[in-house]
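*Asks:* Dumping the structure here so I can ask a few things about it.
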Amino acid sequence: ATLRIEQRFYLDTWGIKETSTDSRYMVDLSRHLRVWPHLRYHIQSGSSFYALAYPAITEPTLILPQYRTGDRELSPMMTVSAGGGARIALTSEKAPTQFALILAGEVMYSRYFKSLFIKSRTAVYGTLGLEVEF
């Protein structure tokens, strides 16, 4: 078995600060089958120019903020993902070209802390892949 934990820190020129923690515990059940649970946690601050509403200053002249966005992905938010996967070897480990199927599925829950219309989102994600090693 293998426990894999990754930590990522991010900072950009828009003022977004974020961190993500990703973990997988991969277990070989046989020579041809590997399975794993997967858990990921992501949290971020909003961009430096993100606001729930952008008021205009009207005195003495009309002044609008230089940068504006309605993109909730630029607001403070967090996402939790949980799921798992499997790798099924289709050829022998000694074959000159090895093939495997990769199956994975996730459920993701996102929470937006400063959004006008959408406060949360739940997504389901699945993938089927072919791995070739030569």
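In the structure tokens, each chain is lettered A, B, ... as it comes, each chain's residues begin at 1, and ligands are numbered from 1 in order of appearance.
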Residues near Phe49 of chain A, anyone? I mean within 12 Å using only C-alpha atoms, not counting same-chain ones fewer than 3 positions away, as a list in words.

*Replies:*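 Residues near the query, excluding close chain neighbours: Thr13, Trp14, Gly15, Ile16, Ser45, Gly46, Leu52, Ala53, Tyr54, Pro65, Gln66, Tyr67, Arg68, Thr69, Gly70, Asp71, Leu74, Ser75 and Pro76 of chain A.
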
*Asks:* Okay, now the selection with N, CA and C atoms, as a PDB file, in the first residue's frame?

*Replies:*
ATOM      1  N   THR A  13      -1.155  37.571  -8.344  1.00  0.00           N
ATOM      2  CA  THR A  13      -1.154  39.038  -8.386  1.00  0.00           C
ATOM      3  C   THR A  13      -2.552  39.630  -8.238  1.00  0.00           C
ATOM      4  N   TRP A  14      -3.594  38.812  -8.265  1.00  0.00           N
ATOM      5  CA  TRP A  14      -4.948  39.292  -7.997  1.00  0.00           C
ATOM      6  C   TRP A  14      -5.264  39.234  -6.511  1.00  0.00           C
ATOM      7  N   GLY A  15      -4.323  38.764  -5.710  1.00  0.00           N
ATOM      8  CA  GLY A  15      -4.511  38.707  -4.268  1.00  0.00           C
ATOM      9  C   GLY A  15      -5.181  37.437  -3.770  1.00  0.00           C
ATOM     10  N   ILE A  16      -5.349  36.448  -4.637  1.00  0.00           N
ATOM     11  CA  ILE A  16      -5.947  35.185  -4.210  1.00  0.00           C
ATOM     12  C   ILE A  16      -4.887  34.365  -3.484  1.00  0.00           C
ATOM     13  N   SER A  45      -9.026  32.596  -0.467  1.00  0.00           N
ATOM     14  CA  SER A  45      -9.543  33.938  -0.214  1.00  0.00           C
ATOM     15  C   SER A  45     -10.093  34.480  -1.533  1.00  0.00           C
ATOM     16  N   GLY A  46     -10.807  35.578  -1.468  1.00  0.00           N
ATOM     17  CA  GLY A  46     -11.275  36.215  -2.692  1.00  0.00           C
ATOM     18  C   GLY A  46     -10.175  37.051  -3.321  1.00  0.00           C
ATOM     19  N   LEU A  52     -19.061  41.847  -3.006  1.00  0.00           N
ATOM     20  CA  LEU A  52     -20.411  41.343  -3.168  1.00  0.00           C
ATOM     21  C   LEU A  52     -21.218  42.289  -4.062  1.00  0.00           C
ATOM     22  N   ALA A  53     -20.970  43.580  -3.920  1.00  0.00           N
ATOM     23  CA  ALA A  53     -21.595  44.609  -4.761  1.00  0.00           C
ATOM     24  C   ALA A  53     -20.573  45.726  -4.956  1.00  0.00           C
ATOM     25  N   TYR A  54     -20.637  46.396  -6.093  1.00  0.00           N
ATOM     26  CA  TYR A  54     -19.696  47.464  -6.415  1.00  0.00           C
ATOM     27  C   TYR A  54     -20.440  48.796  -6.473  1.00  0.00           C
ATOM     28  N   PRO A  65     -15.427  51.474  -9.936  1.00  0.00           N
ATOM     29  CA  PRO A  65     -14.208  50.714  -9.624  1.00  0.00           C
ATOM     30  C   PRO A  65     -13.517  50.270 -10.915  1.00  0.00           C
ATOM     31  N   GLN A  66     -12.179  50.273 -10.902  1.00  0.00           N
ATOM     32  CA  GLN A  66     -11.426  49.921 -12.101  1.00  0.00           C
ATOM     33  C   GLN A  66     -11.663  48.465 -12.496  1.00  0.00           C
ATOM     34  N   TYR A  67     -11.683  47.553 -11.512  1.00  0.00           N
ATOM     35  CA  TYR A  67     -11.899  46.135 -11.782  1.00  0.00           C
ATOM     36  C   TYR A  67     -13.152  45.662 -11.066  1.00  0.00           C
ATOM     37  N   ARG A  68     -13.995  44.890 -11.796  1.00  0.00           N
ATOM     38  CA  ARG A  68     -15.220  44.347 -11.221  1.00  0.00           C
ATOM     39  C   ARG A  68     -15.410  42.936 -11.758  1.00  0.00           C
ATOM     40  N   THR A  69     -16.023  42.080 -10.950  1.00  0.00           N
ATOM     41  CA  THR A  69     -16.316  40.726 -11.414  1.00  0.00           C
ATOM     42  C   THR A  69     -17.566  40.210 -10.729  1.00  0.00           C
ATOM     43  N   GLY A  70     -18.279  39.377 -11.409  1.00  0.00           N
ATOM     44  CA  GLY A  70     -19.402  38.660 -10.820  1.00  0.00           C
ATOM     45  C   GLY A  70     -19.086  37.173 -10.716  1.00  0.00           C
ATOM     46  N   ASP A  71     -17.836  36.799 -11.007  1.00  0.00           N
ATOM     47  CA  ASP A  71     -17.418  35.401 -11.015  1.00  0.00           C
ATOM     48  C   ASP A  71     -17.270  34.886  -9.586  1.00  0.00           C
ATOM     49  N   LEU A  74     -13.969  33.724  -7.956  1.00  0.00           N
ATOM     50  CA  LEU A  74     -12.997  34.699  -7.459  1.00  0.00           C
ATOM     51  C   LEU A  74     -13.362  35.192  -6.065  1.00  0.00           C
ATOM     52  N   SER A  75     -14.432  34.647  -5.492  1.00  0.00           N
ATOM     53  CA  SER A  75     -14.848  35.004  -4.132  1.00  0.00           C
ATOM     54  C   SER A  75     -14.179  34.055  -3.144  1.00  0.00           C
ATOM     55  N   PRO A  76     -14.251  34.366  -1.840  1.00  0.00           N
ATOM     56  CA  PRO A  76     -13.777  33.394  -0.854  1.00  0.00           C
ATOM     57  C   PRO A  76     -14.625  32.123  -0.963  1.00  0.00           C
TER      58      PRO A  76
END

*Asks:* Excluding segment 114-131 of chain A and its own-chain neighbours fewer than 2 positions away, which residues fall within 9 Å of it when counting only C-alpha atoms? Please give them as a list in words.

*Replies:*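 Near segment 114-131 of chain A, the qualifying residues are Gly46, Ala51, Leu52, Ala53, Gly70, Asp71, Arg72, Ser75, Pro76, Met77, Ala89, Gln98, Phe99, Ala100, Leu101, Ile102, Leu103, Ala104, Gly105, Glu106, Val107, Met108, Tyr109, Ser110, Arg111, Tyr112 and Glu133 of chain A.
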
*Asks:* What parts of segment 41-132 of chain A does DSSP call strand (DSSP E)? I'd like the answer as number ranges by chain.

*Replies:* A: 41-44, 77-89, 98-112, 120-132

*Asks:* Considering only C-alpha atoms, state which residue in the set A:Leu3, A:Leu90, A:Ala56, A:Val132 is at the smallest distance from Val35 of chain A.

*Replies:*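 Among A:Leu3, A:Leu90, A:Ala56, A:Val132, it is A:Leu3 that comes nearest to Val35 of chain A.
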
*Asks:* Between A:Leu33, A:Met78, A:Ala95, A:Ile43, single out the one closest to Phe9 of chain A, counting only C-alpha atoms.

*Replies:* A:Ile43

*Asks:* May I ask for the distance between atom CA of Phe134 of chain A and atom CA of Ser92 of chain A, given in Å to one decimal place?

*Replies:* 12.6 Å

*Asks:* What does the distance between atom CA of Trp36 of chain A and atom CA of Glu93 of chain A come to in Å, to one decimal place?

*Replies:*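 Interatomic distance, atom CA of Trp36 of chain A to atom CA of Glu93 of chain A: 19.9 Å.
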
*Asks:* Give me the residues near Met26 of chain A as a PyMOL selection string, where near means some atom within 10 Å (using only C-alpha atoms) and where sequence neighbours in that chain fewer than 6 positions away do not count.

*Replies:* chain A and resi 1-4+34-38+84-87
